[in-house]
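What follows is a single structure, written as structure tokens, with notes after it.
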Amino acid sequence: MTHADPALAGRIPPGQTRTTKWPVLTYGRTPPFDPARWTFRCFGLVEREVVWTWEELLRLPRVTRTSDVHCVTRWSRLDNRWEGVGVHELLARVTILPGAKF
């Protein structure tokens, strides 16, 4: 489906096709997820390195955002609802050093 609706014309880039499903764009099998072994590490030019377990990450404050996704493979999916921990929550816990640039 293309963006025949004029109200959507400004939201869908030229050449894109609107979809309401998530196209599968993986190669091979999806690796298994073991929450008991999963960790997220924030390190580098920070005051203190922090490693969160899956359970610890789930206890952090969450945010909800809605946005459109426009894929380079020429599809667009509108009004996607995302929920998770905001990067500002993670960075506040490690404190980035003044010399960090990226």
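By convention here, the chains of the structure tokens are called A, B, ... in the order presented, each chain's residues are numbered starting at 1, and ligands are numbered starting at 1 in the order presented.
Excluding Arg62 of chain A and any residue on its chain fewer than 4 positions from it, the residues at most 7 Å away by only C-alpha atoms are Glu83, Gly84, Val85 and Gly86 of chain A.
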#### Entry: Test item: residues at most 10 Å from Thr73 of chain A, only C-alpha atoms, excluding those fewer than 3 positions along its chain, as a PyMOL selection string
chain A and resi 16-17+25+70+76
Take the selection from the previous step and output its residues with C-alpha atoms, as a PDB file, in the first residue's frame.
```pdb
ATOM      1  CA  GLN A  16       8.399   4.358   0.529  1.00  0.00           C
ATOM      2  CA  THR A  17       5.481   1.950   0.932  1.00  0.00           C
ATOM      3  CA  LEU A  25      14.832  -8.810   8.133  1.00  0.00           C
ATOM      4  CA  HIS A  70      11.317   4.432   7.643  1.00  0.00           C
ATOM      5  CA  SER A  76       7.466   2.726   6.445  1.00  0.00           C
TER       6      SER A  76
END
```
#### Entry: Expected answer as a count of residues only: alpha helix (DSSP H) residues in chain A
13
#### Entry: Residue list (strand (DSSP E), DSSP) for chain A, as a list of chain:residue names
A:Thr17, A:Arg18, A:Thr39, A:Phe40, A:Arg41, A:Cys42, A:Val50, A:Val51, A:Trp52, A:Thr53, A:Val63, A:Thr64, A:Arg65, A:Thr66, A:Ser67, A:Asp68, A:Val69, A:His70, A:Trp75, A:Ser76, A:Arg77, A:Leu78, A:Asp79, A:Asn80, A:Arg81, A:Trp82, A:Glu83, A:Gly84
### Query
Restricting the calculation to only C-alpha atoms, which member of A:Cys42, A:Leu78, A:Val51, A:Ile96 is positioned closest to Arg18 of chain A?
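For Arg18 of chain A, the nearest of the candidates is A:Leu78.
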### Query
Please, what distance in Å, to one decimal, runs between atom CA of Ala92 of chain A and atom CA of Pro35 of chain A?
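About the pair atom CA of Ala92 of chain A and atom CA of Pro35 of chain A: they are 23.9 Å apart.
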